[in-house]
Amino acid sequence: NPANLQVESHPQLPNLELLEFCKKNDISFVAYSPLGNPGSAFRHRKQVDLLQDEDVQKIAEKHGVSAGQVLIRYQIDKGNSVIPKSVTPSRIEENLKVFSFSLDASDMDTLNNLYKKVGPKGYRTCGSPHWRHSPKYPF
């Protein structure tokens, strides 16, 4: 059995059913693209940049942190490992400063439901065009 699953996961694609499956089967869950892959060419036209999302901004303001820190903490508070990507030294440093706050149940509920803004299953920001014609392509 696999011991670890690394998948795209952020509030616009929370993969909640997959996360539950992993927890039931003792598979660790690693979230990549936790910031929603800002600037992605695969972004859906209705998809708002998560760092600019009004709900994410409100939660960040409430806790006195950045939107990026909220999105990283969201994964941690779900019990996931998280792999944020940045090439900017100041953002890399900021990404590490997520242990001085926690998200409350209301914050988590808001973030868990953000995917509904872009569709019934959410939306991937990391494209896989070579899979599009597969009968098993879920998006």
# chains A, B, ... in the order shown; residues from 1 in each chain; ligands from 1
$ residues_around --residues "Asn4 (chain A)" --least-positions-apart "2" --cutoff "12 Å" --atoms "only C-alpha atoms" --output "PDB file with N, CA and C atoms, in the first residue's frame"
ATOM      1  N   ASN A   1       0.830  -1.179   0.000  1.00  0.00           N
ATOM      2  CA  ASN A   1       0.000   0.000   0.000  1.00  0.00           C
ATOM      3  C   ASN A   1       0.879   1.248   0.000  1.00  0.00           C
ATOM      4  N   PRO A   2       0.406   2.311  -0.634  1.00  0.00           N
ATOM      5  CA  PRO A   2       1.197   3.548  -0.613  1.00  0.00           C
ATOM      6  C   PRO A   2       1.214   4.143   0.792  1.00  0.00           C
ATOM      7  N   GLN A   6       0.921  12.684  -2.853  1.00  0.00           N
ATOM      8  CA  GLN A   6       1.189  14.099  -3.081  1.00  0.00           C
ATOM      9  C   GLN A   6       0.247  14.570  -4.178  1.00  0.00           C
ATOM     10  N   VAL A   7      -0.619  15.538  -3.849  1.00  0.00           N
ATOM     11  CA  VAL A   7      -1.613  16.015  -4.804  1.00  0.00           C
ATOM     12  C   VAL A   7      -1.756  17.535  -4.719  1.00  0.00           C
ATOM     13  N   LEU A  19      -8.681  13.219   0.822  1.00  0.00           N
ATOM     14  CA  LEU A  19      -8.037  13.370   2.129  1.00  0.00           C
ATOM     15  C   LEU A  19      -8.646  12.400   3.141  1.00  0.00           C
ATOM     16  N   PHE A  21     -10.139   9.558   2.501  1.00  0.00           N
ATOM     17  CA  PHE A  21      -9.680   8.221   2.111  1.00  0.00           C
ATOM     18  C   PHE A  21      -8.270   7.968   2.648  1.00  0.00           C
ATOM     19  N   CYS A  22      -7.394   8.955   2.472  1.00  0.00           N
ATOM     20  CA  CYS A  22      -6.016   8.807   2.944  1.00  0.00           C
ATOM     21  C   CYS A  22      -5.969   8.625   4.458  1.00  0.00           C
ATOM     22  N   LYS A  23      -6.744   9.408   5.185  1.00  0.00           N
ATOM     23  CA  LYS A  23      -6.758   9.278   6.650  1.00  0.00           C
ATOM     24  C   LYS A  23      -7.237   7.895   7.076  1.00  0.00           C
ATOM     25  N   ASN A  25      -6.942   5.177   5.517  1.00  0.00           N
ATOM     26  CA  ASN A  25      -6.011   4.143   5.083  1.00  0.00           C
ATOM     27  C   ASN A  25      -4.569   4.412   5.483  1.00  0.00           C
ATOM     28  N   ASP A  26      -4.381   5.284   6.462  1.00  0.00           N
ATOM     29  CA  ASP A  26      -3.043   5.605   6.986  1.00  0.00           C
ATOM     30  C   ASP A  26      -2.056   6.015   5.886  1.00  0.00           C
ATOM     31  N   ILE A  27      -2.531   6.843   4.977  1.00  0.00           N
ATOM     32  CA  ILE A  27      -1.688   7.374   3.907  1.00  0.00           C
ATOM     33  C   ILE A  27      -1.496   8.865   4.192  1.00  0.00           C
ATOM     34  N   SER A  28      -0.257   9.299   4.292  1.00  0.00           N
ATOM     35  CA  SER A  28      -0.037  10.726   4.534  1.00  0.00           C
ATOM     36  C   SER A  28      -0.373  11.512   3.269  1.00  0.00           C
ATOM     37  N   PHE A  29      -0.841  12.716   3.467  1.00  0.00           N
ATOM     38  CA  PHE A  29      -1.330  13.577   2.391  1.00  0.00           C
ATOM     39  C   PHE A  29      -0.423  14.794   2.314  1.00  0.00           C
ATOM     40  N   VAL A  30       0.211  14.996   1.161  1.00  0.00           N
ATOM     41  CA  VAL A  30       1.097  16.137   0.951  1.00  0.00           C
ATOM     42  C   VAL A  30       0.465  17.042  -0.102  1.00  0.00           C
ATOM     43  N   ALA A  31       0.234  18.285   0.279  1.00  0.00           N
ATOM     44  CA  ALA A  31      -0.416  19.251  -0.612  1.00  0.00           C
ATOM     45  C   ALA A  31       0.631  20.068  -1.359  1.00  0.00           C
ATOM     46  N   ASN A  80      -2.265  18.018   7.036  1.00  0.00           N
ATOM     47  CA  ASN A  80      -1.469  17.684   5.850  1.00  0.00           C
ATOM     48  C   ASN A  80      -0.052  18.231   5.945  1.00  0.00           C
ATOM     49  N   SER A  81       0.844  17.587   5.230  1.00  0.00           N
ATOM     50  CA  SER A  81       2.137  18.190   4.947  1.00  0.00           C
ATOM     51  C   SER A  81       1.878  19.134   3.781  1.00  0.00           C
TER      52      SER A  81
END
$ select_by_dssp --residues "region 13-119 of chain A" --states "strand (DSSP E)" --output "PyMOL selection string"
chain A and resi 28-32+81-83
$ write_last_selection --atoms "N, CA, C and O atoms" --output "mmCIF file, in the first residue's frame"
data_model
loop_
_atom_site.group_PDB
_atom_site.id
_atom_site.type_symbol
_atom_site.label_atom_id
_atom_site.label_comp_id
_atom_site.auth_asym_id
_atom_site.auth_seq_id
_atom_site.Cartn_x
_atom_site.Cartn_y
_atom_site.Cartn_z
ATOM 1 N N SER A 28 -0.257 9.299 4.292
ATOM 2 C CA SER A 28 -0.037 10.726 4.534
ATOM 3 C C SER A 28 -0.373 11.512 3.269
ATOM 4 O O SER A 28 -0.230 11.033 2.152
ATOM 5 N N PHE A 29 -0.841 12.716 3.467
ATOM 6 C CA PHE A 29 -1.330 13.577 2.391
ATOM 7 C C PHE A 29 -0.423 14.794 2.314
ATOM 8 O O PHE A 29 -0.287 15.536 3.288
ATOM 9 N N VAL A 30 0.211 14.996 1.161
ATOM 10 C CA VAL A 30 1.097 16.137 0.951
ATOM 11 C C VAL A 30 0.465 17.042 -0.102
ATOM 12 O O VAL A 30 0.192 16.605 -1.222
ATOM 13 N N ALA A 31 0.234 18.285 0.279
ATOM 14 C CA ALA A 31 -0.416 19.251 -0.612
ATOM 15 C C ALA A 31 0.631 20.068 -1.359
ATOM 16 O O ALA A 31 1.439 20.753 -0.750
ATOM 17 N N TYR A 32 0.589 19.987 -2.694
ATOM 18 C CA TYR A 32 1.420 20.911 -3.476
ATOM 19 C C TYR A 32 0.512 21.980 -4.071
ATOM 20 O O TYR A 32 -0.696 21.840 -4.127
ATOM 21 N N SER A 81 0.844 17.587 5.230
ATOM 22 C CA SER A 81 2.137 18.190 4.947
ATOM 23 C C SER A 81 1.878 19.134 3.781
ATOM 24 O O SER A 81 0.940 18.933 3.006
ATOM 25 N N VAL A 82 2.712 20.143 3.635
ATOM 26 C CA VAL A 82 2.444 21.144 2.606
ATOM 27 C C VAL A 82 3.756 21.596 1.967
ATOM 28 O O VAL A 82 4.760 21.744 2.641
ATOM 29 N N ILE A 83 3.704 21.776 0.640
ATOM 30 C CA ILE A 83 4.880 22.188 -0.118
ATOM 31 C C ILE A 83 4.575 23.495 -0.848
ATOM 32 O O ILE A 83 4.144 23.494 -1.994
#
$ closest_residue --among "A:Met108, A:Leu13, A:Leu103, A:Val70" --to "Val56 (chain A)" --atoms "only C-alpha atoms"
A:Val70
$ closest_residue --among "A:Leu50, A:Leu5, A:Leu35, A:Ile59" --to "Asp109 (chain A)" --atoms "only C-alpha atoms"
A:Ile59
$ residues_around --residues "Glu94 (chain A)" --least-positions-apart "2" --cutoff "10 Å" --atoms "only C-alpha atoms" --output "list in words"
Val65, Ser66, Gly68, Gln69, Thr88, Pro89, Ser90, Arg91, Ile92, Leu96, Lys97 and Val98 of chain A
$ write_last_selection --atoms "C-alpha atoms" --output "PDB file, in the first residue's frame"
ATOM      1  CA  VAL A  65      -1.034  37.473   8.638  1.00  0.00           C
ATOM      2  CA  SER A  66      -0.740  37.294   4.854  1.00  0.00           C
ATOM      3  CA  GLY A  68      -0.276  33.058   1.683  1.00  0.00           C
ATOM      4  CA  GLN A  69       0.225  32.220   5.338  1.00  0.00           C
ATOM      5  CA  THR A  88      11.427  35.160  -3.604  1.00  0.00           C
ATOM      6  CA  PRO A  89      13.548  35.064  -0.409  1.00  0.00           C
ATOM      7  CA  SER A  90      11.124  37.270   1.558  1.00  0.00           C
ATOM      8  CA  ARG A  91       8.166  35.035   0.635  1.00  0.00           C
ATOM      9  CA  ILE A  92      10.102  31.893   1.491  1.00  0.00           C
ATOM     10  CA  LEU A  96       7.802  29.546   7.332  1.00  0.00           C
ATOM     11  CA  LYS A  97       6.051  31.865   9.798  1.00  0.00           C
ATOM     12  CA  VAL A  98       2.794  29.941  10.054  1.00  0.00           C
TER      13      VAL A  98
END
$ closest_residue --among "A:Leu71, A:Pro14, A:Ser100, A:Pro135" --to "Asp55 (chain A)" --atoms "only C-alpha atoms"
A:Leu71
$ atom_distance --atom1 "CA of Asp104 (chain A)" --atom2 "CA of Gly64 (chain A)"
14.0 Å
$ residues_around --residues "Ser102 (chain A)" --least-positions-apart "3" --cutoff "10 Å" --atoms "only C-alpha atoms" --output "PyMOL selection string"
chain A and resi 63+70+73-74+76-77+98-99+105+107-108
$ write_last_selection --atoms "all heavy atoms" --output "mmCIF file, in the first residue's frame"
data_model
loop_
_atom_site.group_PDB
_atom_site.id
_atom_site.type_symbol
_atom_site.label_atom_id
_atom_site.label_comp_id
_atom_site.auth_asym_id
_atom_site.auth_seq_id
_atom_site.Cartn_x
_atom_site.Cartn_y
_atom_site.Cartn_z
ATOM 1 N N HIS A 63 -6.370 37.416 11.451
ATOM 2 C CA HIS A 63 -5.245 36.834 12.177
ATOM 3 C C HIS A 63 -3.974 37.681 12.106
ATOM 4 O O HIS A 63 -2.955 37.324 12.712
ATOM 5 C CB HIS A 63 -4.955 35.422 11.665
ATOM 6 C CG HIS A 63 -6.047 34.440 11.964
ATOM 7 N ND1 HIS A 63 -6.221 33.889 13.214
ATOM 8 C CD2 HIS A 63 -7.048 33.946 11.189
ATOM 9 C CE1 HIS A 63 -7.268 33.082 13.199
ATOM 10 N NE2 HIS A 63 -7.793 33.093 11.977
ATOM 11 N N VAL A 70 -2.209 32.131 5.429
ATOM 12 C CA VAL A 70 -3.506 31.484 5.694
ATOM 13 C C VAL A 70 -3.618 30.207 4.872
ATOM 14 O O VAL A 70 -4.036 29.159 5.378
ATOM 15 C CB VAL A 70 -4.681 32.438 5.372
ATOM 16 C CG1 VAL A 70 -6.008 31.680 5.309
ATOM 17 C CG2 VAL A 70 -4.754 33.549 6.394
ATOM 18 N N ARG A 73 -1.341 27.542 6.301
ATOM 19 C CA ARG A 73 -1.861 27.079 7.597
ATOM 20 C C ARG A 73 -3.111 26.218 7.413
ATOM 21 O O ARG A 73 -3.346 25.274 8.181
ATOM 22 C CB ARG A 73 -2.168 28.287 8.501
ATOM 23 C CG ARG A 73 -2.526 27.910 9.911
ATOM 24 C CD ARG A 73 -1.332 27.331 10.625
ATOM 25 N NE ARG A 73 -1.774 26.390 11.633
ATOM 26 C CZ ARG A 73 -1.026 25.956 12.629
ATOM 27 N NH1 ARG A 73 0.212 26.366 12.761
ATOM 28 N NH2 ARG A 73 -1.509 25.094 13.483
ATOM 29 N N TYR A 74 -3.904 26.527 6.395
ATOM 30 C CA TYR A 74 -5.094 25.722 6.067
ATOM 31 C C TYR A 74 -4.712 24.252 5.898
ATOM 32 O O TYR A 74 -5.375 23.363 6.432
ATOM 33 C CB TYR A 74 -5.734 26.280 4.796
ATOM 34 C CG TYR A 74 -6.807 25.444 4.156
ATOM 35 C CD1 TYR A 74 -8.017 25.197 4.797
ATOM 36 C CD2 TYR A 74 -6.630 24.920 2.880
ATOM 37 C CE1 TYR A 74 -9.015 24.456 4.189
ATOM 38 C CE2 TYR A 74 -7.625 24.181 2.266
ATOM 39 C CZ TYR A 74 -8.809 23.945 2.918
ATOM 40 O OH TYR A 74 -9.800 23.210 2.311
ATOM 41 N N ILE A 76 -1.942 22.749 7.045
ATOM 42 C CA ILE A 76 -1.424 22.244 8.321
ATOM 43 C C ILE A 76 -2.563 21.906 9.272
ATOM 44 O O ILE A 76 -2.569 20.854 9.913
ATOM 45 C CB ILE A 76 -0.460 23.282 8.951
ATOM 46 C CG1 ILE A 76 0.797 23.421 8.079
ATOM 47 C CG2 ILE A 76 -0.099 22.901 10.387
ATOM 48 C CD1 ILE A 76 1.668 24.603 8.428
ATOM 49 N N ASP A 77 -3.567 22.789 9.331
ATOM 50 C CA ASP A 77 -4.690 22.546 10.243
ATOM 51 C C ASP A 77 -5.582 21.403 9.777
ATOM 52 O O ASP A 77 -6.371 20.879 10.573
ATOM 53 C CB ASP A 77 -5.505 23.833 10.452
ATOM 54 C CG ASP A 77 -4.787 24.825 11.356
ATOM 55 O OD1 ASP A 77 -3.745 24.472 11.938
ATOM 56 O OD2 ASP A 77 -5.279 25.966 11.483
ATOM 57 N N VAL A 98 4.216 30.333 9.996
ATOM 58 C CA VAL A 98 2.794 29.941 10.054
ATOM 59 C C VAL A 98 2.435 29.197 11.342
ATOM 60 O O VAL A 98 1.353 28.625 11.430
ATOM 61 C CB VAL A 98 2.405 29.073 8.828
ATOM 62 C CG1 VAL A 98 2.505 29.875 7.545
ATOM 63 C CG2 VAL A 98 3.262 27.820 8.752
ATOM 64 N N PHE A 99 3.315 29.226 12.311
ATOM 65 C CA PHE A 99 3.068 28.455 13.531
ATOM 66 C C PHE A 99 2.657 29.321 14.718
ATOM 67 O O PHE A 99 2.496 28.822 15.823
ATOM 68 C CB PHE A 99 4.291 27.595 13.863
ATOM 69 C CG PHE A 99 4.570 26.599 12.782
ATOM 70 C CD1 PHE A 99 5.589 26.812 11.873
ATOM 71 C CD2 PHE A 99 3.778 25.465 12.637
ATOM 72 C CE1 PHE A 99 5.828 25.909 10.851
ATOM 73 C CE2 PHE A 99 4.006 24.562 11.619
ATOM 74 C CZ PHE A 99 5.035 24.783 10.721
ATOM 75 N N ALA A 105 -12.719 26.983 13.481
ATOM 76 C CA ALA A 105 -13.677 26.170 12.715
ATOM 77 C C ALA A 105 -14.375 26.983 11.632
ATOM 78 O O ALA A 105 -14.599 26.488 10.519
ATOM 79 C CB ALA A 105 -14.703 25.538 13.653
ATOM 80 N N ASP A 107 -13.132 29.635 10.033
ATOM 81 C CA ASP A 107 -12.145 29.847 8.968
ATOM 82 C C ASP A 107 -12.044 28.597 8.090
ATOM 83 O O ASP A 107 -12.048 28.688 6.861
ATOM 84 C CB ASP A 107 -10.753 30.124 9.546
ATOM 85 C CG ASP A 107 -10.663 31.363 10.404
ATOM 86 O OD1 ASP A 107 -11.472 32.306 10.212
ATOM 87 O OD2 ASP A 107 -9.767 31.392 11.289
ATOM 88 N N MET A 108 -11.938 27.442 8.738
ATOM 89 C CA MET A 108 -11.786 26.184 7.997
ATOM 90 C C MET A 108 -13.019 25.914 7.145
ATOM 91 O O MET A 108 -12.897 25.479 5.985
ATOM 92 C CB MET A 108 -11.525 25.025 8.956
ATOM 93 C CG MET A 108 -10.178 25.101 9.660
ATOM 94 S SD MET A 108 -8.751 25.093 8.553
ATOM 95 C CE MET A 108 -8.773 23.373 8.031
#
$ atom_distance --atom1 "CA of Glu8 (chain A)" --atom2 "CA of Ser33 (chain A)"
5.7 Å
$ closest_residue --among "A:Glu61, A:Asp49, A:Glu20, A:Glu93" --to "Lys78 (chain A)" --atoms "only C-alpha atoms"
A:Glu20
